[in-house]
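Structure file entry-v6.csv with CSV, C-alpha atoms and all ligand atoms:
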```
chain,number,residue,atom,x,y,z
A,912,MET,CA,20.9,13.8,-16.9
A,913,GLY,CA,18.3,12.5,-14.4
A,914,LEU,CA,18.6,9.2,-12.5
A,915,LEU,CA,15.9,7.7,-14.8
A,916,SER,CA,16.8,9.2,-18.1
A,917,GLY,CA,15.8,7.1,-21.1
A,918,LYS,CA,13.8,4.7,-19.0
A,919,THR,CA,10.0,4.0,-19.5
A,920,ALA,CA,7.9,3.6,-16.3
A,921,LEU,CA,4.3,2.5,-15.9
A,922,ILE,CA,2.6,3.7,-12.7
A,923,THR,CA,-0.8,2.5,-11.8
A,924,GLY,CA,-3.2,4.8,-9.9
A,925,ALA,CA,-1.4,8.1,-10.5
A,926,SER,CA,-4.3,10.6,-10.7
A,927,LYS,CA,-3.7,11.7,-7.1
A,928,GLY,CA,-1.8,11.1,-3.9
A,929,ILE,CA,1.3,9.0,-3.8
A,930,GLY,CA,1.0,7.8,-7.4
A,931,ARG,CA,0.8,11.3,-8.7
A,932,ALA,CA,3.9,12.3,-6.7
A,933,ILE,CA,5.8,9.3,-8.1
A,934,ALA,CA,4.8,10.2,-11.7
A,935,ILE,CA,6.1,13.8,-11.2
A,936,ARG,CA,9.4,12.7,-9.5
A,937,TYR,CA,9.9,10.2,-12.3
A,938,ALA,CA,9.4,12.9,-15.0
A,939,GLN,CA,11.7,15.2,-13.2
A,940,GLU,CA,14.4,12.5,-13.3
A,941,GLY,CA,13.9,12.1,-17.0
A,942,ALA,CA,11.8,9.0,-17.3
A,943,ASN,CA,9.0,8.6,-19.9
A,944,VAL,CA,5.9,8.1,-17.9
A,945,ALA,CA,2.8,6.0,-18.7
A,946,PHE,CA,0.2,6.0,-15.9
A,947,THR,CA,-3.3,4.9,-15.1
A,948,TYR,CA,-6.4,6.2,-13.4
A,949,LEU,CA,-9.9,4.9,-13.1
A,950,SER,CA,-12.5,7.4,-12.0
A,951,SER,CA,-10.5,10.6,-11.9
A,952,VAL,CA,-10.5,11.3,-15.6
A,953,GLU,CA,-10.0,15.1,-15.5
A,954,LYS,CA,-7.1,14.8,-13.0
A,955,GLY,CA,-5.5,12.1,-15.2
A,956,GLN,CA,-5.7,14.4,-18.2
A,957,ALA,CA,-4.3,17.3,-16.3
A,958,LEU,CA,-1.4,15.2,-15.0
A,959,GLU,CA,-0.5,14.1,-18.6
A,960,ASN,CA,0.0,17.8,-19.5
A,961,GLU,CA,1.9,18.5,-16.3
A,962,LEU,CA,4.3,15.6,-17.0
A,963,ALA,CA,4.8,16.5,-20.7
A,964,ALA,CA,6.0,19.9,-19.6
A,965,PHE,CA,9.2,18.2,-18.3
A,966,GLY,CA,10.0,17.4,-21.9
A,967,ILE,CA,9.5,13.6,-21.5
A,968,LYS,CA,6.8,11.4,-23.2
A,969,ALA,CA,3.8,11.0,-20.9
A,970,LYS,CA,0.5,9.3,-21.4
A,971,GLY,CA,-2.4,8.5,-19.1
A,972,TYR,CA,-4.6,5.4,-19.6
A,973,LYS,CA,-8.0,4.8,-18.1
A,974,SER,CA,-7.6,1.2,-16.9
A,975,ASP,CA,-9.0,-0.9,-14.1
A,976,ALA,CA,-5.9,-2.5,-12.4
A,977,SER,CA,-8.1,-5.3,-10.9
A,978,ASN,CA,-9.1,-6.5,-14.4
A,979,PHE,CA,-6.7,-9.1,-15.8
A,980,ALA,CA,-7.5,-8.6,-19.5
A,981,ALA,CA,-7.4,-4.8,-19.1
A,982,ALA,CA,-4.0,-5.0,-17.5
A,983,ASP,CA,-2.7,-7.1,-20.4
A,984,GLU,CA,-4.1,-4.7,-22.9
A,985,LEU,CA,-2.6,-1.8,-21.0
A,986,VAL,CA,0.9,-3.2,-20.9
A,987,ASN,CA,0.8,-4.1,-24.6
A,988,ALA,CA,-0.3,-0.5,-25.4
A,989,VAL,CA,2.5,1.0,-23.3
A,990,VAL,CA,5.2,-1.3,-24.8
A,991,SER,CA,4.1,-0.5,-28.4
A,992,GLU,CA,3.6,3.3,-27.8
A,993,PHE,CA,6.7,3.8,-25.7
A,994,GLY,CA,8.9,1.2,-27.3
A,995,GLY,CA,9.5,-0.8,-24.1
A,996,LEU,CA,9.0,-1.0,-20.4
A,997,ASP,CA,11.8,-0.7,-17.8
A,998,ILE,CA,10.0,0.1,-14.5
A,999,LEU,CA,6.6,-1.0,-13.3
A,1000,ILE,CA,5.1,0.5,-10.2
A,1001,ASN,CA,1.9,-1.0,-8.7
A,1002,ASN,CA,0.5,1.8,-6.7
A,1003,ALA,CA,-3.3,1.6,-7.3
A,1004,GLY,CA,-5.0,0.8,-4.1
A,1005,ILE,CA,-8.2,1.3,-2.1
A,1006,THR,CA,-9.6,0.8,1.4
A,1007,ARG,CA,-13.0,-0.5,2.4
A,1008,ASP,CA,-12.5,-0.5,6.2
A,1009,ASN,CA,-14.8,-2.2,8.7
A,1010,LEU,CA,-14.5,-4.5,11.6
A,1011,LEU,CA,-14.5,-8.1,10.5
A,1012,MET,CA,-18.0,-8.7,12.0
A,1013,ARG,CA,-19.4,-6.0,9.6
A,1014,MET,CA,-17.1,-6.6,6.6
A,1015,THR,CA,-19.1,-7.7,3.6
A,1016,GLU,CA,-17.9,-10.3,1.0
A,1017,ASP,CA,-17.8,-7.5,-1.6
A,1018,ALA,CA,-15.6,-5.3,0.6
A,1019,TRP,CA,-13.2,-8.2,1.0
A,1020,ASP,CA,-13.1,-9.2,-2.7
A,1021,GLU,CA,-12.9,-5.6,-4.0
A,1022,VAL,CA,-9.8,-4.7,-1.8
A,1023,ILE,CA,-8.0,-8.0,-2.6
A,1024,ASN,CA,-8.7,-7.6,-6.3
A,1025,VAL,CA,-7.7,-3.9,-6.6
A,1026,ASN,CA,-4.7,-4.1,-4.3
A,1027,LEU,CA,-3.3,-7.6,-4.7
A,1028,LYS,CA,-4.6,-9.2,-7.9
A,1029,SER,CA,-3.7,-6.0,-9.7
A,1030,CYS,CA,0.0,-6.7,-9.0
A,1031,PHE,CA,-0.3,-10.2,-10.5
A,1032,ASN,CA,-2.1,-8.8,-13.5
A,1033,THR,CA,0.5,-6.2,-14.5
A,1034,VAL,CA,3.6,-8.2,-13.5
A,1035,LYS,CA,2.4,-11.2,-15.5
A,1036,ALA,CA,1.9,-8.9,-18.6
A,1037,ALA,CA,5.1,-6.9,-18.1
A,1038,THR,CA,7.5,-9.8,-17.5
A,1039,ARG,CA,7.3,-10.8,-21.2
A,1040,THR,CA,9.0,-7.6,-22.3
A,1041,MET,CA,11.3,-7.4,-19.3
A,1042,MET,CA,12.5,-11.0,-19.8
A,1043,LYS,CA,13.3,-10.2,-23.4
A,1044,ALA,CA,15.2,-7.1,-22.4
A,1045,LYS,CA,16.9,-9.0,-19.6
A,1046,ALA,CA,16.3,-6.0,-17.4
A,1047,GLY,CA,13.5,-4.5,-15.3
A,1048,SER,CA,12.6,-3.0,-11.9
A,1049,ILE,CA,9.2,-3.8,-10.4
A,1050,ILE,CA,8.0,-1.8,-7.3
A,1051,ASN,CA,4.9,-2.8,-5.5
A,1052,ILE,CA,3.4,-0.4,-3.0
A,1053,THR,CA,2.4,-2.2,0.2
A,1054,SER,CA,1.9,-0.6,3.6
A,1055,VAL,CA,3.2,-1.0,7.2
A,1056,VAL,CA,-0.3,-2.3,7.8
A,1057,GLY,CA,0.6,-5.3,5.7
A,1058,ILE,CA,3.5,-6.0,8.1
A,1059,LYS,CA,1.8,-5.2,11.4
A,1060,GLY,CA,-1.9,-5.8,10.8
A,1061,ASN,CA,-4.6,-3.3,11.8
A,1062,ALA,CA,-7.9,-3.6,13.5
A,1063,GLY,CA,-10.7,-2.6,11.1
A,1064,GLN,CA,-8.6,-3.3,8.0
A,1065,ALA,CA,-8.4,-7.1,7.8
A,1066,ASN,CA,-9.0,-7.0,4.0
A,1067,TYR,CA,-6.5,-4.2,3.4
A,1068,ALA,CA,-3.9,-5.7,5.6
A,1069,ALA,CA,-4.3,-9.1,4.0
A,1070,SER,CA,-3.9,-7.5,0.5
A,1071,LYS,CA,-0.8,-5.7,1.6
A,1072,SER,CA,0.8,-8.7,3.3
A,1073,GLY,CA,0.0,-10.6,0.1
A,1074,ILE,CA,2.0,-8.0,-1.9
A,1075,VAL,CA,5.0,-8.7,0.3
A,1076,GLY,CA,4.9,-12.5,-0.4
A,1077,PHE,CA,4.3,-11.8,-4.0
A,1078,THR,CA,7.2,-9.4,-4.3
A,1079,LYS,CA,9.6,-11.8,-2.7
A,1080,SER,CA,8.5,-14.6,-4.9
A,1081,VAL,CA,8.9,-12.5,-8.1
A,1082,ALA,CA,12.4,-11.5,-7.0
A,1083,LEU,CA,13.3,-15.2,-6.6
A,1084,GLU,CA,11.8,-16.3,-9.9
A,1085,LEU,CA,13.1,-13.5,-12.1
A,1086,GLY,CA,16.4,-12.6,-10.5
A,1087,SER,CA,18.3,-14.7,-13.0
A,1088,ARG,CA,16.8,-12.6,-15.8
A,1089,ASN,CA,18.1,-9.3,-14.1
A,1090,ILE,CA,14.6,-8.3,-13.1
A,1091,ARG,CA,14.4,-6.8,-9.7
A,1092,CYS,CA,11.3,-6.7,-7.6
A,1093,ASN,CA,10.9,-4.7,-4.3
A,1094,ALA,CA,8.1,-3.3,-2.2
A,1095,VAL,CA,7.7,0.1,-0.6
A,1096,ALA,CA,5.8,0.2,2.7
A,1097,PRO,CA,4.6,3.7,3.5
A,1098,GLY,CA,3.5,4.5,7.0
A,1099,PHE,CA,1.1,7.4,7.5
A,1100,ILE,CA,1.3,9.6,4.4
A,1101,GLU,CA,-0.6,12.9,4.3
A,1102,THR,CA,-2.6,12.9,1.0
A,1103,GLU,CA,-5.9,14.5,-0.1
A,1104,MET,CA,-7.5,11.5,1.5
A,1105,THR,CA,-6.2,12.3,5.0
A,1106,ALA,CA,-6.7,16.1,4.5
A,1107,VAL,CA,-10.5,15.5,5.0
A,1108,LEU,CA,-10.0,13.7,8.3
A,1109,ASP,CA,-10.6,15.4,11.7
A,1110,GLU,CA,-7.4,17.4,12.6
A,1111,LYS,CA,-7.4,16.1,16.2
A,1112,THR,CA,-7.3,12.5,15.0
A,1113,VAL,CA,-4.6,13.2,12.5
A,1114,GLN,CA,-2.5,15.0,15.2
A,1115,GLY,CA,-2.9,11.9,17.4
A,1116,TRP,CA,-1.4,9.8,14.6
A,1117,ARG,CA,1.5,12.3,14.1
A,1118,ASP,CA,2.3,12.3,17.8
A,1119,ALA,CA,2.5,8.5,17.8
A,1120,ILE,CA,5.2,8.5,15.1
A,1121,PRO,CA,8.9,8.8,16.4
A,1122,MET,CA,9.6,11.5,13.8
A,1123,LYS,CA,6.5,13.3,15.0
A,1124,ARG,CA,4.9,14.0,11.6
A,1125,GLY,CA,3.2,12.3,8.7
A,1126,GLY,CA,5.1,11.6,5.6
A,1127,GLN,CA,4.8,13.5,2.3
A,1128,PRO,CA,3.9,11.8,-1.0
A,1129,ASP,CA,7.3,13.0,-2.3
A,1130,GLU,CA,9.1,11.1,0.4
A,1131,VAL,CA,7.6,7.8,-0.9
A,1132,ALA,CA,8.2,8.9,-4.5
A,1133,ASN,CA,11.9,9.4,-3.7
A,1134,ALA,CA,12.2,5.8,-2.4
A,1135,CYS,CA,10.6,4.7,-5.7
A,1136,VAL,CA,13.1,6.8,-7.7
A,1137,PHE,CA,15.9,4.9,-5.9
A,1138,LEU,CA,14.4,1.5,-6.4
A,1139,GLY,CA,13.6,2.2,-10.1
A,1140,SER,CA,17.0,3.5,-10.9
A,1141,ASP,CA,20.4,1.8,-11.4
A,1142,MET,CA,21.4,3.2,-7.9
A,1143,SER,CA,19.7,0.1,-6.5
A,1144,SER,CA,21.0,-2.4,-9.1
A,1145,TYR,CA,21.8,-5.1,-6.5
A,1146,ILE,CA,18.7,-4.7,-4.3
A,1147,SER,CA,15.8,-7.1,-4.9
A,1148,GLY,CA,13.2,-8.9,-2.8
A,1149,GLN,CA,13.2,-6.2,-0.1
A,1150,VAL,CA,10.5,-4.2,1.7
A,1151,LEU,CA,11.6,-0.6,2.2
A,1152,GLN,CA,9.6,1.1,4.9
A,1153,VAL,CA,9.0,4.8,4.5
A,1154,ASP,CA,7.4,5.5,7.8
A,1155,GLY,CA,9.4,7.9,10.1
A,1156,ALA,CA,10.3,4.8,12.3
A,1157,MET,CA,6.6,4.1,13.0
A,1158,LEU,CA,7.2,0.4,12.8
A,1159,THR,CA,10.6,-0.9,13.8
B,1,LIG,P1,-5.4,7.8,-3.2
B,1,LIG,O1,-5.0,9.2,-3.0
B,1,LIG,O2,-6.7,7.3,-2.8
B,1,LIG,O3,-5.0,7.3,-4.7
B,1,LIG,C1,-5.3,6.0,-5.2
B,1,LIG,C2,-5.1,6.0,-6.6
B,1,LIG,O4,-5.4,4.6,-7.1
B,1,LIG,C3,-5.9,6.9,-7.5
B,1,LIG,O5,-5.2,7.5,-8.5
B,1,LIG,C4,-7.0,6.0,-8.0
B,1,LIG,O6,-7.5,6.4,-9.3
B,1,LIG,C5,-6.3,4.7,-8.2
B,1,LIG,N1,-7.1,3.5,-8.3
B,1,LIG,C6,-8.0,3.1,-7.3
B,1,LIG,N2,-8.6,2.0,-7.8
B,1,LIG,C7,-8.1,1.7,-9.0
B,1,LIG,C8,-8.3,0.7,-10.0
B,1,LIG,N3,-9.2,-0.3,-9.8
B,1,LIG,N4,-7.6,0.8,-11.2
B,1,LIG,C9,-6.7,1.8,-11.4
B,1,LIG,N5,-6.5,2.8,-10.5
B,1,LIG,C10,-7.2,2.7,-9.3
B,1,LIG,O7,-4.4,6.8,-2.3
B,1,LIG,P2,-2.9,7.1,-1.8
B,1,LIG,O8,-2.9,7.5,-0.4
B,1,LIG,O9,-2.1,7.9,-2.8
B,1,LIG,O10,-2.3,5.6,-1.9
B,1,LIG,C11,-1.5,5.1,-2.9
B,1,LIG,C12,-1.0,3.7,-2.6
B,1,LIG,O11,-0.2,3.8,-1.4
B,1,LIG,C13,-2.1,2.7,-2.3
B,1,LIG,O12,-1.7,1.4,-2.7
B,1,LIG,C14,-2.2,2.7,-0.7
B,1,LIG,O13,-2.7,1.5,-0.2
B,1,LIG,C15,-0.7,2.9,-0.4
B,1,LIG,N6,-0.5,3.5,1.0
B,1,LIG,C16,-0.9,4.7,1.3
B,1,LIG,C17,-0.7,5.2,2.6
B,1,LIG,C18,-1.2,6.6,3.0
B,1,LIG,O14,-1.0,6.9,4.2
B,1,LIG,N7,-1.7,7.4,2.1
B,1,LIG,C19,0.0,4.4,3.5
B,1,LIG,C20,0.4,3.2,3.1
B,1,LIG,C21,0.2,2.7,1.8
B,1,LIG,P3,-9.0,7.1,-9.5
B,1,LIG,O15,-9.1,8.2,-8.5
B,1,LIG,O16,-8.9,7.6,-10.9
B,1,LIG,O17,-9.9,6.0,-9.3
```
Show the structure stored in the file as structure tokens.
Amino acid sequence: MGLLSGKTALITGASKGIGRAIAIRYAQEGANVAFTYLSSVEKGQALENELAAFGIKAKGYKSDASNFAAADELVNAVVSEFGGLDILINNAGITRDNLLMRMTEDAWDEVINVNLKSCFNTVKAATRTMMKAKAGSIINITSVVGIKGNAGQANYAASKSGIVGFTKSVALELGSRNIRCNAVAPGFIETEMTAVLDEKTVQGWRDAIPMKRGGQPDEVANACVFLGSDMSSYISGQVLQVDGAMLT
């Protein structure tokens, strides 16, 4: 019996990086996993097969998290195909970094829509089912940048701070229905995205972290297993940093 046996989870943006690690850890813990991707169609299909090998139900959906109507359609499809929805993880995210002086309106809007509005879209659609079931765990992936701010990432930091306020508000509104809502704030996590960066720069980042290394996607995924499971049944409205003490 896994920690998530019998539960159905929906994870947005799971074709790679942290979302992919969450999907695999969830499947290992016995959850049925619905997940989304947008551009990485082949990776999404490969993940579906990889997850199914754990003996759980798995399905990938091509769905734009920033689109309100698409998120509604997605959640309805998951509920009807999986028979319910117990855990929602808003992980889909992008960066369009630039100094404020050079940041375009499009770069601002795109990041706010994909990172922040997406949380509103899926939570709004998922709460119908969770309220009926009088149970649910919602996990929104924010970032230490949303707590601290970061030069060159005003749009990204604003979207991630917004997620913190949103998470706490949802926890307050839906607590009486036994729906929990928490955020996970990763620090520097080494994914495919960081693997293409110059090694010297990355080493500089590692050296600045008290634990002297970047985090692994699995280490974020493990925090999500805890918050999705009944192990965290009285934890709601919190922001759990997974950052090797980067920000204390
Ligand atoms: P990543 O490797 O770039 O993966 C992002 C995922 O989001 C991909 O699966 C991508 O799918 C999906 N996605 C992007 N736009 C989407 C959209 N409009 N609709 C649906 N899916 C979409 O990023 P990551 O590093 O794993 O980051 C995952 C989350 O953790 C993000 O929210 C990020 O802000 C947060 N985070 C990451 C770090 C870090 O150090 N890596 C630190 C703090 C927070 P496609 O490829 O199919 O488009």
Distance table requested - chain A against ligand LIG 1 (chain B), cut-off 7 Å, only C-alpha atoms and all ligand atoms: one row per qualifying residue with the closest atom pair and its distance in Å to one decimal, ordered by chain and rising residue number, as CSV.
```
residue,atom,partner,partner_atom,distance
A:Thr923,CA,B:LIG1,N5,5.9
A:Gly924,CA,B:LIG1,C5,3.5
A:Ala925,CA,B:LIG1,O5,4.3
A:Ser926,CA,B:LIG1,O5,3.9
A:Lys927,CA,B:LIG1,O5,4.7
A:Gly928,CA,B:LIG1,O9,3.4
A:Ile929,CA,B:LIG1,O9,3.7
A:Gly930,CA,B:LIG1,O9,5.5
A:Thr947,CA,B:LIG1,C9,5.9
A:Tyr948,CA,B:LIG1,O16,3.8
A:Leu949,CA,B:LIG1,O16,3.6
A:Ser950,CA,B:LIG1,O16,3.8
A:Ser951,CA,B:LIG1,O16,3.5
A:Val952,CA,B:LIG1,O16,6.2
A:Ser974,CA,B:LIG1,C9,5.6
A:Asp975,CA,B:LIG1,N4,3.6
A:Ala976,CA,B:LIG1,N4,3.9
A:Ser977,CA,B:LIG1,N3,5.2
A:Asn1002,CA,B:LIG1,O12,4.6
A:Ala1003,CA,B:LIG1,O4,3.7
A:Gly1004,CA,B:LIG1,O12,3.6
A:Ile1005,CA,B:LIG1,C6,5.5
A:Val1025,CA,B:LIG1,N3,5.0
A:Asn1026,CA,B:LIG1,O12,6.5
A:Ile1052,CA,B:LIG1,O12,5.4
A:Thr1053,CA,B:LIG1,C21,5.6
A:Ser1054,CA,B:LIG1,C20,4.1
A:Val1055,CA,B:LIG1,C20,6.5
A:Ala1096,CA,B:LIG1,C20,6.2
A:Pro1097,CA,B:LIG1,C20,4.2
A:Gly1098,CA,B:LIG1,C19,5.0
A:Phe1099,CA,B:LIG1,O14,3.9
A:Ile1100,CA,B:LIG1,O14,3.6
A:Glu1101,CA,B:LIG1,O14,6.0
A:Thr1102,CA,B:LIG1,O8,5.6
A:Glu1103,CA,B:LIG1,O1,6.1
A:Met1104,CA,B:LIG1,O1,5.6
```
Sel. within 12 Å of pt (9.5, 15.2, -9.8), counting only C-alpha atoms, output as an MDAnalysis selection string: chainID A and resid 913:915 929:942 944 961:965 967 1128:1133 1135:1136
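Rounded to one decimal, CA of Asp1017 in chain A and CA of Thr1033 in chain A lie 22.4 Å from each other.
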List the neighbours of Asn1032 in chain A out to 9 Å using all atoms listed in the file; skip same-chain residues closer than 5 positions along the sequence, and give me the result as a list in words. Ala976, Ser977, Asn978, Phe979, Ala980, Ala981, Ala982, Asp983, Leu1027 and Ala1037 of chain A
Would you pick out the contacts of range 1118-1122 of chain A at 7 Å or less, using only C-alpha atoms, so that residues sharing its chain but fewer than 3 positions from it are not included, and give the list as number ranges by chain? A: 1114-1115, 1155-1157
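Between CA of Ala1068 in chain A and CA of Lys1123 in chain A the separation is 23.6 Å.
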Compare A:Val1056, A:Asn1066, A:Met1041, A:Ala1046 by their minimum atom-to-atom distance to Trp1019 in chain A, counting all atoms listed in the file, and give me the closest one. A:Asn1066
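CA of Glu1084 in chain A is positioned 16.5 Å from CA of Leu999 in chain A.
For Cys1092 in chain A, the list of residues within 6 Å, based on all atoms listed in the file and with local chain neighbours fewer than 5 positions off taken out, reads Ser1048, Ile1049, Ile1050, Thr1078, Ala1082, Ser1147 and Gly1148 of chain A.
Considering all atoms listed in the file, the residue among A:Gln1064, A:Asn1024, A:Gln956, A:Asn1051 positioned nearest to Ala1134 in chain A is A:Asn1051.
Nearest residue to Gln1149 in chain A, choosing from A:Ser1080, A:Gln1127, A:Ser1029, A:Thr1105 and counting all atoms listed in the file: A:Ser1080.
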Protein and nucleic acid residues near (17.6, 0.1, -20.0) (cut-off 9 Å, all atoms listed in the file) as a PyMOL selection string: chain A and resi 917-919+996-997+1044+1046-1047
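Among A:Val1107, A:Leu1085, A:Val1095, A:Met912, the residue with the shortest atom-to-atom distance to Met1042 in chain A, counting only C-alpha atoms, is A:Leu1085.
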Could you put an axis-aligned box around every listed atom of range 1095-1098 of chain A, padded by 8 Å on each side, and send me its centre and edge lengths in Å to one decimal, as AutoDock Vina command-line options?
```
--center_x 5.6 --center_y 2.3 --center_z 3.2 --size_x 20.2 --size_y 20.4 --size_z 23.6
```
Can I get C-alpha atoms for range 1085-1098 of chain A, as a JSON list (two decimals), in the first residue's frame?
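decode.json was written with the following content:
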```json
[["chain", "number", "residue", "atom", "x", "y", "z"],
["A", 1085, "LEU", "CA", -12.45, 25.84, 1.77],
["A", 1086, "GLY", "CA", -11.10, 24.61, 5.10],
["A", 1087, "SER", "CA", -14.62, 24.00, 6.44],
["A", 1088, "ARG", "CA", -15.21, 21.62, 3.51],
["A", 1089, "ASN", "CA", -12.12, 19.58, 4.44],
["A", 1090, "ILE", "CA", -10.23, 20.86, 1.39],
["A", 1091, "ARG", "CA", -6.61, 21.70, 2.14],
["A", 1092, "CYS", "CA", -4.49, 24.04, 0.06],
["A", 1093, "ASN", "CA", -0.73, 24.45, 0.41],
["A", 1094, "ALA", "CA", 2.14, 25.80, -1.64],
["A", 1095, "VAL", "CA", 5.56, 24.29, -2.24],
["A", 1096, "ALA", "CA", 8.39, 26.76, -2.81],
["A", 1097, "PRO", "CA", 11.41, 25.15, -4.47],
["A", 1098, "GLY", "CA", 14.76, 26.92, -4.39]]
```
